[in-house]
Every structure is written in structure tokens, then in C-alpha cells.
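Beneath this line is the structure, given in C-alpha cells, with notes to follow.
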Amino acid sequence: MRKWHKEQILEVLGTMKEAQKAGLYADCQDGALALIDFIDSVVGEETRTALLLEEYCQLLFQAHNGEINAKLLRQHLYRVENSVKTELKITKYKVLFLPYYDNTWESMKSLYLAFSEDPLFETEIVIIPIQRNTNEGIKYVWDDYLTPAGIPNTHFDVYDFEVDRPDIVFYNQPYDGVNIPKFYSSNVRKYTDCMVYVPYSVKPVNAQAMQYQNAYTELEAIQRCDLFIAQSKAFYDHYLKGTPLAKKALIHGHPKLDSLYFAKTKNEYIHYDDWAEAIGERRVILLNTHYSYMIEGVEAHPGVKGLIDNVMNNEELFLIWRPHPQAFLMKMSPQMQAMIQFAEKHKRMLIDRSPSMTSGYMYADCLISLFPSTVVMDALFLDLPVFVLGREDLKRASNYQKENQFYLAVAHEDFNQTIPDQTEQLEIRMAYIENSIIHPLNVFLTEIRNGKDSKELDRARFRCEQFPNPNGTVAKEILKAIKNKVEGGTM
């Protein structure tokens with residue numbers, strides 16, 4: 001029996017009480033017979049509650065004939081209600097997962113597996129469509145990427161919140177403005193007692209502009225949650241402590257890292273033979289570029305071309321370029337489009353358009369990423385050397401180097417150099433690019449070529465601070481915490 005079933009039974013009993021007061025005994029009998037059938041179908045036959053309801057029907061007949069008074073009838077209905085509360089135990093809780101893009105499923109995958117294997121829970125997945133600005137205009141984007149992977153899921157048009165009434169809903173899409181109304185957090189709220197927000201990615205703490213950091217916690221859909229999956233104590237201390245979300249936080253790590261852990265230790269990722277053949281014995285650089293850096297009207301970061309030039313000139317290097325999938329739905333800048341076309345044709349470069357970035361990590365010896373990007377945290381968890389390109393949002397650059405563990409764990413542009421204004425002479429701007437971007441990048445790539453790793457100890461310290469339960473047990477810990485709340489009656 002599910003919690004919703006029990007609530008429905010108690011609701012019908014409440015209606016029967018009112019009908020009984022009004023002397024509508026025929027309606028009371030209809031309600032009792034319907035409850036008997038419902039309880040038999042959900043729990044099984046010959047429950048004490050069903051027997052009491054059968055006795056209640058007999059008493060209704062006697063009351064109708066004036067053989068007993070209303071008080072006796074009322075007392076018996078209370079006995080039925082108490083039996084429902086004590087005998088009919090909740091044996092199953094319905095858990096709904098609402099992922100969207102295929103590359104966001106990994107933030108829920110280990111949770112889904114953990115809850116599916118526990119007999120207390122019944123699970124279901126609904127992939128939700130989201131609105132995106134594409135070359136064809138604004139439209140909803142949706143793809144069933146789970147069925148081919150052997151994971152059953154329900155089409156979003158078929159799923160009915162009012163019928164299902166899930167006990168727990170895991171969601172990772174915090175922007176209601178791009179959802180269809182059915183999946184607005186305000187609508188989901190109507191049909192469940194427990195909304196669990198799982199950030200779709202692992203966030204660098206205090207390392208990005210406030211416009212990005214505010215979105216970690218302050219969106220209305222996030223504030224509406226009952227439980228917030230916090231990736232670390234450091235994240236909790238910086239963003240949640242002292243806020244309404246603090247008492248909702250479960251600090252057990254980010255479930256996406258379970259998938260990365262098992263990919264690395266158990267080879268649980270998609271292997272590509274053509275990639276392996278093209279790579280050979282070369283050192284592999286994985287390049288990440290978010291779509292916001294690639295769209296028309298945005299000047300390409302010079303470090304991307306610097307990287308391509310370096311790989312082109314070094315036979316022992318191989319480039320896997322992973323543009324954000326959304327970039328291919330939008331109009332790219334001519335510069336980015338030209339570089340992608342070049343990489344597609346080069347024998348030591350490939351464009352990764354696979355469903356998940358995990359395979360790219362597994363083939364890589366390092367990551368180079370335009371920043372801000374949460375992808376960097378995945379690479380640091382996997383102990384990959386990282387170089388971040390970009391510093392436009394760093395207003396305290398020199399302090400970041402000294403105070404922020406994130407910037408100690410990664411290689412980056414030279415933050416000590418002042419960014420020249422666009423009004424500066426071309427020679428000054430070109431000198432800045434060469435000295436502050438290309439030179440540090442080339443130093444990093446030389447280390448990769450030579451198998452050196454000057455950031456190894458800094459990364460180790462960072463991982464200890466930022467990634468609790470790094471051994472693939474994040475989902476199990478979250479399951480344990482939620483199960484304790486369920487069984488303890490606090491949820």
C-alpha cells in the first residue's frame with residue numbers, strides 16, 4: 001500500500017462521516033463497499049479493516065430500520081478509521097525522476113538505481129521537454145535517450161500527476177521558464193509531499209561570477225524543494241548555511257560522481273574503437289566549450305585557436321573537442337564554425353557529439369575548458385590536470401590565486417596581467433593574448449606531453465575538501481537518509 005492509497009481511504013471515511021451525520025446511509029454503504037473492493041485489490045482480502053467495513057454495512061441497515069442509534073454507528077466508523085491507521089501499513093513509496101537532456105541523466109542515474117533496488121520504493125522516469133532557442137526559432141527539445149539504454153520510462157504526455165501522486169520527486173531542471181506548465185515546480189508541488197532538488201552538475205565553490213552563483217540556490221524552483229542535495233560541506237557553508245535551504249540539505253556528495261567513479265574503476269562507459277584507433281599512443285586533450293561561448297556575436301576565445309595550433313604542431317598530441325550539444329542547435333559564430341570544421345577533418349582531432357561526456361573523460365589525459373563551466377569539477381574529481389580559459393568575471397583575480405583552493409588546483413591564464421581595454425592598440429592586445437593566455441597554455445601542454453603534473457598535490461587537497469563519499473556511494477547515502485525520514489515519519 002502506498003501513502004496516497006491510505007490518504008484516499010481516510011479521505012473517503014471523512015466523507016462518510018459527514019454523510020452519516022446527514023443520515024445518508026445509502027451513500028455511506030456505497031462508500032464502504034467501494035473501500036472494501038479497493039483495500040482487497042491493494043492489500044489483499046480478509047483484512048481486519050475490510051471485515052469492520054462489512055460489519056459497518058450491516059449496522060447501516062440496522063440504523064436505517066431504527067434498530068440501533070447513530071452513536072453506535074459513529075463509534076463503529078471510528079473503529080474502522082483506527083484500523084486503517086494501525087493495520088494498513090505503507091509498504092511502498094512512489095519515486096518519480098524528472099531528468100531532461102541526456103547529459104543531465106548522470107546526475108540522477110545512481111539515485112535511480114539505488115531506489116529501484118530497494119523494495120520500499122517503486123520508481124518511474126519521465127524525461128521532460130525543455131524550451132530552447134534553435135536555428136529554427138524557439139522550440140521544445142525532447143529525446144528518449146533511455147529506452148535504447150534499456151531503461152524504461154514514461155512519455156511526458158502520458159504521465160498523469162493527478163493519478164500517480166508520487167511520494168518523492170527528484171528533479172534537476174531549476175528553470176521553470178523553459179518547462180511546459182505540467183512540469184513547473186509549482187505544479188509538481190501540488191501532487192507530492194517531497195520534492196528533492198538534485199543540481200544537474202557539480203559546482204565550483206566561490207569561483208564564478210555572482211550571476212552564476214546566485215542560480216545555484218536562489219531560483220524559485222530550487223527554493224520550493226523539500227530536500228536539497230548538497231555536494232559538499234564547503235558548498236553548504238558557502239551557499240546554504242543560514243538560509244531556508246540549510247535545514248533541507250543532505251550533505252552526502254553529488255550523485256553524478258558515482259557514475260564517474262564507476263566509469264573510471266569499472267569501465268562503465270561507452271568505448272569507441274574508432275577513437276582508440278585514431279588516438280594510438282598519443283596524449284589526449286579534452287576541450288570543453290559551452291554553447292554561450294560559441295554563438296553568433298560572441299568573439300571566440302583566442303585560447304581555443306592557440307590549442308588547435310599547438311596540437312597541429314605536435315604529433316604526440318590528440319584533441320577531443322566536446323562542444324556543448326546545444327551549440328549545434330543554435331547559430332554559431334563564423335570563427336567557431338570554421339575551427340570545428342577544421343578539427344573534423346584533422347587526423348589527430350575529433351568532435352565529440354556522443355550522448356555523454358563521460359567517454360571523453362575516460363580517453364583524456366587532461367581537460368582544457370572555457371570557464372565558467374561546471375565540467376571542470378568532473379575532471380578534478382577524476383584527477384585530470386585542468387587548464388581553464390577565461391577570466392572576464394574575476395574581479396579579485398590576484399586574491400583568487402591565494403585564497404581559493406579551486407584556482408590552486410587548476411592551471412589558468414596569468415591573472416597578474418591587466419586585461420587591456422578594447423580601445424587599446426592592437427599590439428598591446430596581441431601581446432596580452434600571447435603572454436597571459438598562449439604562453440601559460442603552452443607551458444601546460446608541454447607538461448602533458450612530457451607526462452609531468454605540477455598540480456597533482458593541489459588537486460589531491462582539493463578533492464579531499466570538495467568530494468565526500470568519492471567511492472561511488474553517494475546515492476546509497478542519500479537513499480539511507482531519505483529512507484530514515486520515511487520510516488521515521490518525518491517526511
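Residues are named by chain letter and number: chains run A, B, ... in the order of the C-alpha cells, numbers start at 1 in each chain, and ligands are numbered from 1 in the order shown.
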
Range 220-224 of chain A surroundings by only C-alpha atoms, 9 Å radius, close-in-sequence under 3 positions cut, as a PyMOL selection string: chain A and resi 173-176+184-186+189+195+197+215-217+228+244-245

If we count only C-alpha atoms, what is near Thr446 in chain A at a cut-off of 12 Å, once residues fewer than 5 positions away on the same chain are taken out, given as a ChimeraX atom specification? /A:283,285,307,310-311,314,316-317,366,439-441,451-454

Give me a file of those residues, with N, CA and C atoms, as a compact mmCIF listing (two decimals), in the first residue's frame.
```
# COMPACT_ATOMS: atom_id res chain seq x y z
N ARG A 283 49.02 11.51 -26.33
CA ARG A 283 48.42 12.13 -25.15
C ARG A 283 47.17 12.88 -25.61
N ILE A 285 44.05 15.54 -25.20
CA ILE A 285 43.50 16.74 -24.58
C ILE A 285 42.00 16.76 -24.85
N LEU A 307 45.19 26.41 -28.77
CA LEU A 307 45.24 24.97 -28.50
C LEU A 307 45.28 24.18 -29.80
N ASN A 310 48.66 24.33 -31.31
CA ASN A 310 49.64 23.53 -30.57
C ASN A 310 49.50 22.05 -30.91
N VAL A 311 48.27 21.56 -30.93
CA VAL A 311 48.04 20.15 -31.27
C VAL A 311 48.48 19.87 -32.70
N ASN A 314 52.19 19.36 -32.88
CA ASN A 314 52.80 18.34 -32.03
C ASN A 314 52.18 16.98 -32.32
N GLU A 316 52.59 14.17 -31.08
CA GLU A 316 52.28 13.28 -29.95
C GLU A 316 51.00 13.67 -29.20
N LEU A 317 50.30 14.72 -29.68
CA LEU A 317 49.06 15.16 -29.03
C LEU A 317 47.83 14.83 -29.89
N CYS A 366 43.98 15.09 -19.94
CA CYS A 366 43.79 16.38 -19.29
C CYS A 366 42.53 17.03 -19.87
N HIS A 439 51.03 31.65 -23.68
CA HIS A 439 52.23 31.14 -23.01
C HIS A 439 51.89 30.19 -21.86
N PRO A 440 51.00 30.57 -20.90
CA PRO A 440 50.65 29.61 -19.84
C PRO A 440 50.02 28.33 -20.39
N LEU A 441 49.22 28.46 -21.45
CA LEU A 441 48.60 27.28 -22.06
C LEU A 441 49.67 26.35 -22.64
N GLY A 451 54.42 14.15 -19.63
CA GLY A 451 53.95 13.31 -18.52
C GLY A 451 54.18 13.92 -17.15
N LYS A 452 54.31 15.23 -17.07
CA LYS A 452 54.51 15.90 -15.79
C LYS A 452 53.19 16.45 -15.27
N ASP A 453 53.13 16.73 -13.96
CA ASP A 453 51.88 17.16 -13.34
C ASP A 453 52.18 18.02 -12.12
N SER A 454 52.37 19.32 -12.33
CA SER A 454 52.78 20.22 -11.25
C SER A 454 51.63 20.52 -10.28
```

DSSP on the backbone, then: every residue of range 330-421 of chain A marked strand (DSSP E), written as a ChimeraX atom specification. /A:349-351,366-370,386-389,411-412

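CA of Ser436 in chain A to CA of Val304 in chain A spans 13.9 Å [interatomic distance, one decimal].
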
How many Å separate CA of Lys305 in chain A from CA of Thr104 in chain A? 28.6 Å
